[in-house]
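A.B. asks: One file is attached below, start.pdb, containing PDB, C-alpha atoms.
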ATOM      1  CA  MET V 202      -5.564   4.937  77.623  1.00  0.00           C
ATOM      2  CA  LEU V 203      -2.715   3.199  75.870  1.00  0.00           C
ATOM      3  CA  TYR V 204       0.926   4.263  75.976  1.00  0.00           C
ATOM      4  CA  LYS V 205       3.619   3.003  73.615  1.00  0.00           C
ATOM      5  CA  ASP V 206       7.293   3.813  74.059  1.00  0.00           C
ATOM      6  CA  LEU V 207       9.091   2.862  70.850  1.00  0.00           C
ATOM      7  CA  ASP V 208      12.750   2.751  71.939  1.00  0.00           C
ATOM      8  CA  ASP V 209      13.986   1.561  68.553  1.00  0.00           C
ATOM      9  CA  LYS V 210      12.193   4.290  66.560  1.00  0.00           C
ATOM     10  CA  LYS V 211      13.688   7.766  66.832  1.00  0.00           C
ATOM     11  CA  VAL V 212      11.855  11.056  66.368  1.00  0.00           C
ATOM     12  CA  VAL V 213      12.345  12.983  63.124  1.00  0.00           C
ATOM     13  CA  GLU V 214      13.360  16.570  63.886  1.00  0.00           C
ATOM     14  CA  LEU V 215      13.769  19.616  61.672  1.00  0.00           C
ATOM     15  CA  ASN V 216      17.533  19.087  61.497  1.00  0.00           C
ATOM     16  CA  GLY V 217      17.390  15.264  61.124  1.00  0.00           C
ATOM     17  CA  LEU V 218      16.918  12.342  63.502  1.00  0.00           C
ATOM     18  CA  SER V 219      16.763  12.934  67.224  1.00  0.00           C
ATOM     19  CA  THR V 220      18.041  10.622  69.939  1.00  0.00           C
ATOM     20  CA  ALA V 221      14.619  10.769  71.632  1.00  0.00           C
ATOM     21  CA  PRO V 222      12.431   7.690  71.183  1.00  0.00           C
ATOM     22  CA  GLN V 223       9.003   7.958  69.645  1.00  0.00           C
ATOM     23  CA  LYS V 224       6.162   7.974  72.204  1.00  0.00           C
ATOM     24  CA  ASN V 225       2.512   7.423  71.397  1.00  0.00           C
ATOM     25  CA  PHE V 226      -0.529   7.995  73.592  1.00  0.00           C
ATOM     26  CA  VAL V 227      -3.960   6.694  72.575  1.00  0.00           C
ATOM     27  CA  TYR V 228      -7.043   7.882  74.468  1.00  0.00           C
ATOM     28  CA  ASN V 229     -10.494   6.465  73.740  1.00  0.00           C
ATOM     29  CA  LEU V 230     -13.992   6.772  75.219  1.00  0.00           C
ATOM     30  CA  ASN V 231     -16.924   4.644  74.081  1.00  0.00           C
ATOM     31  CA  LEU V 232     -20.537   5.121  75.178  1.00  0.00           C
ATOM     32  CA  ASN V 233     -23.256   2.697  74.148  1.00  0.00           C
ATOM     33  CA  GLY V 234     -26.943   3.108  74.975  1.00  0.00           C
ATOM     34  CA  TRP V 235     -29.921   1.097  73.846  1.00  0.00           C
ATOM     35  CA  TYR V 236     -33.582   0.488  74.559  1.00  0.00           C
ATOM     36  CA  LEU V 237     -35.337  -2.873  74.170  1.00  0.00           C
ATOM     37  CA  PHE V 238     -38.976  -2.979  73.060  1.00  0.00           C
ATOM     38  CA  GLU V 239     -39.978  -6.414  74.403  1.00  0.00           C
ATOM     39  CA  ASN V 240     -43.685  -6.263  73.594  1.00  0.00           C
ATOM     40  CA  ILE V 241     -43.185  -6.586  69.815  1.00  0.00           C
ATOM     41  CA  GLY V 242     -43.193 -10.394  69.557  1.00  0.00           C
ATOM     42  CA  GLY V 243     -39.602 -11.109  70.412  1.00  0.00           C
ATOM     43  CA  GLY V 244     -37.818  -7.829  70.802  1.00  0.00           C
ATOM     44  CA  VAL V 245     -36.637  -4.784  68.910  1.00  0.00           C
ATOM     45  CA  ARG V 246     -33.494  -3.114  70.159  1.00  0.00           C
ATOM     46  CA  LEU V 247     -32.712   0.482  69.167  1.00  0.00           C
ATOM     47  CA  GLY V 248     -29.417   1.954  70.173  1.00  0.00           C
ATOM     48  CA  VAL V 249     -26.633   4.386  69.492  1.00  0.00           C
ATOM     49  CA  GLU V 250     -22.904   4.110  70.038  1.00  0.00           C
ATOM     50  CA  LEU V 251     -20.736   7.202  70.514  1.00  0.00           C
ATOM     51  CA  ASP V 252     -16.984   6.906  70.270  1.00  0.00           C
ATOM     52  CA  GLY V 253     -14.299   9.535  70.654  1.00  0.00           C
ATOM     53  CA  GLY V 254     -10.560   9.331  70.729  1.00  0.00           C
ATOM     54  CA  ARG V 255      -7.238  11.095  70.500  1.00  0.00           C
ATOM     55  CA  TYR V 256      -3.951   9.829  69.106  1.00  0.00           C
ATOM     56  CA  ASP V 257      -0.937  11.790  70.332  1.00  0.00           C
ATOM     57  CA  SER V 258       2.541  11.075  69.025  1.00  0.00           C
ATOM     58  CA  ASN V 259       5.785  13.013  69.244  1.00  0.00           C
ATOM     59  CA  GLN V 260       6.741  11.822  65.746  1.00  0.00           C
ATOM     60  CA  ASN V 261       7.151  14.410  62.975  1.00  0.00           C
ATOM     61  CA  TYR V 262       7.351  14.034  59.186  1.00  0.00           C
ATOM     62  CA  TYR V 263       9.395  15.220  56.232  1.00  0.00           C
ATOM     63  CA  ASP V 264       7.674  15.263  52.853  1.00  0.00           C
ATOM     64  CA  LEU V 265       9.125  15.766  49.404  1.00  0.00           C
ATOM     65  CA  VAL V 266       6.957  18.183  47.408  1.00  0.00           C
ATOM     66  CA  GLY V 267       7.462  19.092  43.793  1.00  0.00           C
ATOM     67  CA  VAL V 268       9.226  17.372  40.973  1.00  0.00           C
ATOM     68  CA  VAL V 269      12.829  16.439  40.542  1.00  0.00           C
ATOM     69  CA  PRO V 270      15.062  18.812  39.527  1.00  0.00           C
ATOM     70  CA  ASN V 271      13.544  21.324  42.019  1.00  0.00           C
ATOM     71  CA  PRO V 272      11.949  19.393  44.851  1.00  0.00           C
ATOM     72  CA  ASN V 273      11.170  21.029  48.162  1.00  0.00           C
ATOM     73  CA  THR V 274      11.023  19.341  51.534  1.00  0.00           C
ATOM     74  CA  VAL V 275       8.263  20.237  53.967  1.00  0.00           C
ATOM     75  CA  PHE V 276       8.636  19.556  57.686  1.00  0.00           C
ATOM     76  CA  ILE V 277       5.363  18.834  59.504  1.00  0.00           C
ATOM     77  CA  ASN V 278       5.442  18.786  63.288  1.00  0.00           C
ATOM     78  CA  ASP V 279       3.220  16.214  65.096  1.00  0.00           C
ATOM     79  CA  PHE V 280       2.180  14.712  61.763  1.00  0.00           C
ATOM     80  CA  TYR V 281       0.344  11.703  63.227  1.00  0.00           C
ATOM     81  CA  ASP V 282      -1.789  13.470  65.880  1.00  0.00           C
ATOM     82  CA  TYR V 283      -5.563  13.353  65.407  1.00  0.00           C
ATOM     83  CA  TYR V 284      -8.986  13.395  67.023  1.00  0.00           C
ATOM     84  CA  ALA V 285     -11.595  10.869  65.896  1.00  0.00           C
ATOM     85  CA  TYR V 286     -15.360  10.814  66.428  1.00  0.00           C
ATOM     86  CA  THR V 287     -17.876   8.087  65.554  1.00  0.00           C
ATOM     87  CA  VAL V 288     -21.672   7.974  65.776  1.00  0.00           C
ATOM     88  CA  ARG V 289     -23.317   4.612  65.071  1.00  0.00           C
ATOM     89  CA  PRO V 290     -27.095   4.159  65.404  1.00  0.00           C
ATOM     90  CA  TYR V 291     -28.312   0.563  65.163  1.00  0.00           C
ATOM     91  CA  VAL V 292     -31.440  -1.580  65.248  1.00  0.00           C
ATOM     92  CA  SER V 293     -31.844  -5.317  65.767  1.00  0.00           C
ATOM     93  CA  TYR V 294     -34.758  -7.712  66.070  1.00  0.00           C
ATOM     94  CA  THR V 295     -34.777 -10.913  68.102  1.00  0.00           C
ATOM     95  CA  PHE V 296     -37.253 -13.517  66.910  1.00  0.00           C
ATOM     96  CA  ASP V 297     -39.422 -15.026  69.609  1.00  0.00           C
ATOM     97  CA  LEU V 298     -39.321 -18.636  68.354  1.00  0.00           C
ATOM     98  CA  LEU V 299     -35.947 -18.752  66.552  1.00  0.00           C
ATOM     99  CA  PRO V 300     -32.396 -18.216  67.848  1.00  0.00           C
ATOM    100  CA  LEU V 301     -31.914 -15.451  65.276  1.00  0.00           C
ATOM    101  CA  THR V 302     -31.177 -11.730  65.710  1.00  0.00           C
ATOM    102  CA  PRO V 303     -30.782  -9.770  62.471  1.00  0.00           C
ATOM    103  CA  GLY V 304     -29.452  -6.261  62.819  1.00  0.00           C
ATOM    104  CA  PHE V 305     -28.507  -3.154  60.873  1.00  0.00           C
ATOM    105  CA  SER V 306     -26.234  -0.242  61.744  1.00  0.00           C
ATOM    106  CA  TYR V 307     -24.837   2.857  60.072  1.00  0.00           C
ATOM    107  CA  ALA V 308     -21.665   4.594  61.214  1.00  0.00           C
ATOM    108  CA  TYR V 309     -20.351   8.090  60.593  1.00  0.00           C
ATOM    109  CA  ARG V 310     -16.674   8.594  61.492  1.00  0.00           C
ATOM    110  CA  ARG V 311     -14.679  11.784  61.288  1.00  0.00           C
ATOM    111  CA  VAL V 312     -10.924  12.093  61.762  1.00  0.00           C
ATOM    112  CA  ASP V 313      -9.383  15.534  62.258  1.00  0.00           C
ATOM    113  CA  TYR V 314      -5.601  15.699  62.072  1.00  0.00           C
ATOM    114  CA  THR V 315      -4.359  18.474  64.317  1.00  0.00           C
ATOM    115  CA  ASP V 316      -1.214  19.425  62.378  1.00  0.00           C
ATOM    116  CA  ARG V 317      -1.244  17.484  59.097  1.00  0.00           C
ATOM    117  CA  LEU V 318      -1.695  19.892  56.223  1.00  0.00           C
ATOM    118  CA  ALA V 319      -4.203  19.260  53.447  1.00  0.00           C
ATOM    119  CA  ARG V 320      -3.190  19.171  49.789  1.00  0.00           C
ATOM    120  CA  ASN V 321      -4.852  20.663  46.737  1.00  0.00           C
ATOM    121  CA  ALA V 322      -5.566  18.845  43.464  1.00  0.00           C
ATOM    122  CA  VAL V 323      -1.983  19.189  42.185  1.00  0.00           C
ATOM    123  CA  GLY V 324      -0.430  17.946  45.425  1.00  0.00           C
ATOM    124  CA  LEU V 325       0.725  21.216  46.982  1.00  0.00           C
ATOM    125  CA  TYR V 326       0.061  21.926  50.647  1.00  0.00           C
ATOM    126  CA  THR V 327      -2.685  24.353  51.664  1.00  0.00           C
ATOM    127  CA  PRO V 328      -2.813  26.341  54.916  1.00  0.00           C
ATOM    128  CA  ARG V 329      -5.709  24.272  56.322  1.00  0.00           C
ATOM    129  CA  THR V 330      -5.422  20.972  58.189  1.00  0.00           C
ATOM    130  CA  ASN V 331      -6.503  17.604  56.850  1.00  0.00           C
ATOM    131  CA  SER V 332      -9.648  15.770  57.915  1.00  0.00           C
ATOM    132  CA  GLY V 333     -11.506  12.775  56.621  1.00  0.00           C
ATOM    133  CA  LYS V 334     -15.001  11.316  56.830  1.00  0.00           C
ATOM    134  CA  ARG V 335     -16.086   7.726  56.470  1.00  0.00           C
ATOM    135  CA  PHE V 336     -19.576   6.222  56.274  1.00  0.00           C
ATOM    136  CA  THR V 337     -20.170   2.519  56.794  1.00  0.00           C
ATOM    137  CA  LYS V 338     -23.273   0.403  57.029  1.00  0.00           C
ATOM    138  CA  ARG V 339     -23.353  -3.034  58.540  1.00  0.00           C
ATOM    139  CA  SER V 340     -26.056  -5.637  58.515  1.00  0.00           C
ATOM    140  CA  SER V 341     -26.085  -9.045  60.116  1.00  0.00           C
ATOM    141  CA  PRO V 342     -29.038 -10.951  58.642  1.00  0.00           C
ATOM    142  CA  CYS V 343     -28.123 -14.280  60.245  1.00  0.00           C
ATOM    143  CA  ALA V 344     -26.610 -13.440  63.607  1.00  0.00           C
ATOM    144  CA  THR V 345     -27.502 -15.977  66.259  1.00  0.00           C
ATOM    145  CA  THR V 346     -28.157 -15.211  69.877  1.00  0.00           C
TER     146      THR V 346
END
Using structure tokens, write down the structure from this file.

C.D. replies:
Amino acid sequence: MLYKDLDDKKVVELNGLSTAPQKNFVYNLNLNGWYLFENIGGGVRLGVELDGGRYDSNQNYYDLVGVVPNPNTVFINDFYDYYAYTVRPYVSYTFDLLPLTPGFSYAYRRVDYTDRLARNAVGLYTPRTNSGKRFTKRSSPCATT
């Protein structure tokens, strides 16, 4: 858990700036499990990493929607709050006679904002909340042990 008290950054409220400082809490849990197959001439390691977290801030957000001469402002409470989840399976091989361990992993990450509204194609807010997905692959063909 991480706590940040930002004394110099004030919270945006519906009627303007508050005197309350911004406060952020970051919670994170990471689990990593693997199994080593040693009888394959060196070693093959198969594993999976699970990661979950929550970002909680008391900061809000004002957004300008529409075009100038008739813009509208939208107030979004707890704009920066989200939950995040990651699943990352991986495999690596350690050579028996060389100090070399190549590996490959693939990660799926999802971020769900608790109060941030999604937008449609023209930029207007919709009643559903915003979420995002990210896929990454990583290989390390020359990692040394």

A.B. asks: Do you know which residues lie at most 9 Å from (11.7, 11.6, 65.3), with coordinates as in the file and all atoms listed in the file counted, and could you write them as number ranges by chain?

C.D. replies: V: 210-214, 217-223, 259-262

A.B. asks: Suppose a student applies the PyMOL selection byres ((chain V and resi 292-297) around 6) to this structure; what residues should they get, written as a list of chain:residue names?

C.D. replies: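 This file, filtered by the PyMOL selection byres ((chain V and resi 292-297) around 6), leaves V:Gly242, V:Gly243, V:Gly244, V:Val245, V:Arg246, V:Leu247, V:Tyr291, V:Leu298, V:Leu299, V:Leu301, V:Thr302, V:Pro303, V:Gly304, V:Phe305.
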
A.B. asks: Neighbourhood query: residues within 12 Å of (-6.6, 17.4, 66.8), file coordinates, counting all atoms listed in the file; return as a ChimeraX atom specification.

C.D. replies: /V:253-258,279-286,311-318,330-332

A.B. asks: Kindly indicate which residue among V:Arg310, V:Asp206, V:Leu237, V:Val275 lies nearest to Asp252 (chain V), using all atoms listed in the file for the distances.

C.D. replies: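 The closest residue to Asp252 (chain V) is V:Arg310.
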
A.B. asks: Rank nothing, just name the residue among V:Pro328, V:Val323, V:Asn229, V:Glu250 nearest to Ser306 (chain V), using all atoms listed in the file.

C.D. replies: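 Nearest to Ser306 (chain V): V:Glu250.
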
A.B. asks: Considering all atoms listed in the file, can you say which of V:Ala308, V:Leu232, V:Leu215, V:Leu325 comes closest to Ile277 (chain V)?

C.D. replies: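 Among the listed residues, the smallest separation from Ile277 (chain V) belongs to V:Leu215.
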
A.B. asks: Just how far from CA of Lys205 (chain V) is CA of Val227 (chain V), in Å to one decimal?

C.D. replies: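 About the pair CA of Val227 (chain V) and CA of Lys205 (chain V): they are 8.5 Å apart.
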
A.B. asks: Between V:Leu207, V:Val249, V:Leu230, V:Ala319, which has the minimum distance to Arg289 (chain V) (counting only C-alpha atoms)?

C.D. replies: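 Closest to Arg289 (chain V), using only C-alpha atoms: V:Val249.
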
A.B. asks: Would you mind reading off the distance between CA of Gly333 (chain V) and CA of Arg320 (chain V), one decimal, in Å?

C.D. replies: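 Rounded to one decimal, the two atoms are 12.5 Å apart.
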
A.B. asks: Do you have the CA of Gly234 (chain V)-CA of Pro290 (chain V) distance handy?

C.D. replies: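 Separation between CA of Gly234 (chain V) and CA of Pro290 (chain V): 9.6 Å.
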
A.B. asks: Could you add N, CA and C atoms to region 295-319 of chain V and give me the result as a PDB file, in the coordinates of the input?

C.D. replies:
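Final output, saved to out.pdb:
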ATOM      1  N   THR V 295     -34.941  -9.550  67.633  1.00  0.00           N
ATOM      2  CA  THR V 295     -34.777 -10.913  68.102  1.00  0.00           C
ATOM      3  C   THR V 295     -36.095 -11.654  67.920  1.00  0.00           C
ATOM      4  N   PHE V 296     -36.048 -12.719  67.126  1.00  0.00           N
ATOM      5  CA  PHE V 296     -37.253 -13.517  66.910  1.00  0.00           C
ATOM      6  C   PHE V 296     -37.620 -14.255  68.190  1.00  0.00           C
ATOM      7  N   ASP V 297     -38.929 -14.386  68.398  1.00  0.00           N
ATOM      8  CA  ASP V 297     -39.422 -15.026  69.609  1.00  0.00           C
ATOM      9  C   ASP V 297     -39.204 -16.534  69.597  1.00  0.00           C
ATOM     10  N   LEU V 298     -39.378 -17.180  68.430  1.00  0.00           N
ATOM     11  CA  LEU V 298     -39.321 -18.636  68.354  1.00  0.00           C
ATOM     12  C   LEU V 298     -38.036 -19.175  67.738  1.00  0.00           C
ATOM     13  N   LEU V 299     -37.187 -18.318  67.202  1.00  0.00           N
ATOM     14  CA  LEU V 299     -35.947 -18.752  66.552  1.00  0.00           C
ATOM     15  C   LEU V 299     -34.739 -18.127  67.267  1.00  0.00           C
ATOM     16  N   PRO V 300     -33.620 -18.826  67.290  1.00  0.00           N
ATOM     17  CA  PRO V 300     -32.396 -18.216  67.848  1.00  0.00           C
ATOM     18  C   PRO V 300     -31.702 -17.342  66.798  1.00  0.00           C
ATOM     19  N   LEU V 301     -32.403 -16.289  66.369  1.00  0.00           N
ATOM     20  CA  LEU V 301     -31.914 -15.451  65.276  1.00  0.00           C
ATOM     21  C   LEU V 301     -32.130 -13.989  65.640  1.00  0.00           C
ATOM     22  N   THR V 302     -31.082 -13.168  65.457  1.00  0.00           N
ATOM     23  CA  THR V 302     -31.177 -11.730  65.710  1.00  0.00           C
ATOM     24  C   THR V 302     -30.550 -10.972  64.546  1.00  0.00           C
ATOM     25  N   PRO V 303     -31.342 -10.603  63.546  1.00  0.00           N
ATOM     26  CA  PRO V 303     -30.782  -9.770  62.471  1.00  0.00           C
ATOM     27  C   PRO V 303     -30.657  -8.325  62.951  1.00  0.00           C
ATOM     28  N   GLY V 304     -29.671  -7.640  62.413  1.00  0.00           N
ATOM     29  CA  GLY V 304     -29.452  -6.261  62.819  1.00  0.00           C
ATOM     30  C   GLY V 304     -28.916  -5.412  61.687  1.00  0.00           C
ATOM     31  N   PHE V 305     -29.001  -4.100  61.860  1.00  0.00           N
ATOM     32  CA  PHE V 305     -28.507  -3.154  60.873  1.00  0.00           C
ATOM     33  C   PHE V 305     -27.943  -1.948  61.617  1.00  0.00           C
ATOM     34  N   SER V 306     -26.810  -1.447  61.154  1.00  0.00           N
ATOM     35  CA  SER V 306     -26.234  -0.242  61.744  1.00  0.00           C
ATOM     36  C   SER V 306     -25.624   0.623  60.648  1.00  0.00           C
ATOM     37  N   TYR V 307     -25.442   1.888  60.972  1.00  0.00           N
ATOM     38  CA  TYR V 307     -24.837   2.857  60.072  1.00  0.00           C
ATOM     39  C   TYR V 307     -23.868   3.683  60.901  1.00  0.00           C
ATOM     40  N   ALA V 308     -22.658   3.861  60.434  1.00  0.00           N
ATOM     41  CA  ALA V 308     -21.665   4.594  61.214  1.00  0.00           C
ATOM     42  C   ALA V 308     -21.138   5.792  60.432  1.00  0.00           C
ATOM     43  N   TYR V 309     -20.989   6.891  61.124  1.00  0.00           N
ATOM     44  CA  TYR V 309     -20.351   8.090  60.593  1.00  0.00           C
ATOM     45  C   TYR V 309     -19.099   8.320  61.424  1.00  0.00           C
ATOM     46  N   ARG V 310     -17.941   8.388  60.784  1.00  0.00           N
ATOM     47  CA  ARG V 310     -16.674   8.594  61.492  1.00  0.00           C
ATOM     48  C   ARG V 310     -15.950   9.780  60.878  1.00  0.00           C
ATOM     49  N   ARG V 311     -15.440  10.623  61.734  1.00  0.00           N
ATOM     50  CA  ARG V 311     -14.679  11.784  61.288  1.00  0.00           C
ATOM     51  C   ARG V 311     -13.332  11.780  61.991  1.00  0.00           C
ATOM     52  N   VAL V 312     -12.285  12.016  61.227  1.00  0.00           N
ATOM     53  CA  VAL V 312     -10.924  12.093  61.762  1.00  0.00           C
ATOM     54  C   VAL V 312     -10.377  13.474  61.419  1.00  0.00           C
ATOM     55  N   ASP V 313      -9.958  14.202  62.440  1.00  0.00           N
ATOM     56  CA  ASP V 313      -9.383  15.534  62.258  1.00  0.00           C
ATOM     57  C   ASP V 313      -7.930  15.502  62.713  1.00  0.00           C
ATOM     58  N   TYR V 314      -7.026  15.636  61.751  1.00  0.00           N
ATOM     59  CA  TYR V 314      -5.601  15.699  62.072  1.00  0.00           C
ATOM     60  C   TYR V 314      -5.283  17.097  62.578  1.00  0.00           C
ATOM     61  N   THR V 315      -4.591  17.177  63.700  1.00  0.00           N
ATOM     62  CA  THR V 315      -4.359  18.474  64.317  1.00  0.00           C
ATOM     63  C   THR V 315      -3.301  19.306  63.603  1.00  0.00           C
ATOM     64  N   ASP V 316      -2.304  18.671  63.002  1.00  0.00           N
ATOM     65  CA  ASP V 316      -1.214  19.425  62.378  1.00  0.00           C
ATOM     66  C   ASP V 316      -0.910  19.008  60.946  1.00  0.00           C
ATOM     67  N   ARG V 317      -1.521  17.942  60.458  1.00  0.00           N
ATOM     68  CA  ARG V 317      -1.244  17.484  59.097  1.00  0.00           C
ATOM     69  C   ARG V 317      -1.920  18.416  58.110  1.00  0.00           C
ATOM     70  N   LEU V 318      -1.158  18.943  57.190  1.00  0.00           N
ATOM     71  CA  LEU V 318      -1.695  19.892  56.223  1.00  0.00           C
ATOM     72  C   LEU V 318      -2.409  19.174  55.082  1.00  0.00           C
ATOM     73  N   ALA V 319      -3.465  19.804  54.585  1.00  0.00           N
ATOM     74  CA  ALA V 319      -4.203  19.260  53.447  1.00  0.00           C
ATOM     75  C   ALA V 319      -3.476  19.636  52.159  1.00  0.00           C
TER      76      ALA V 319
END
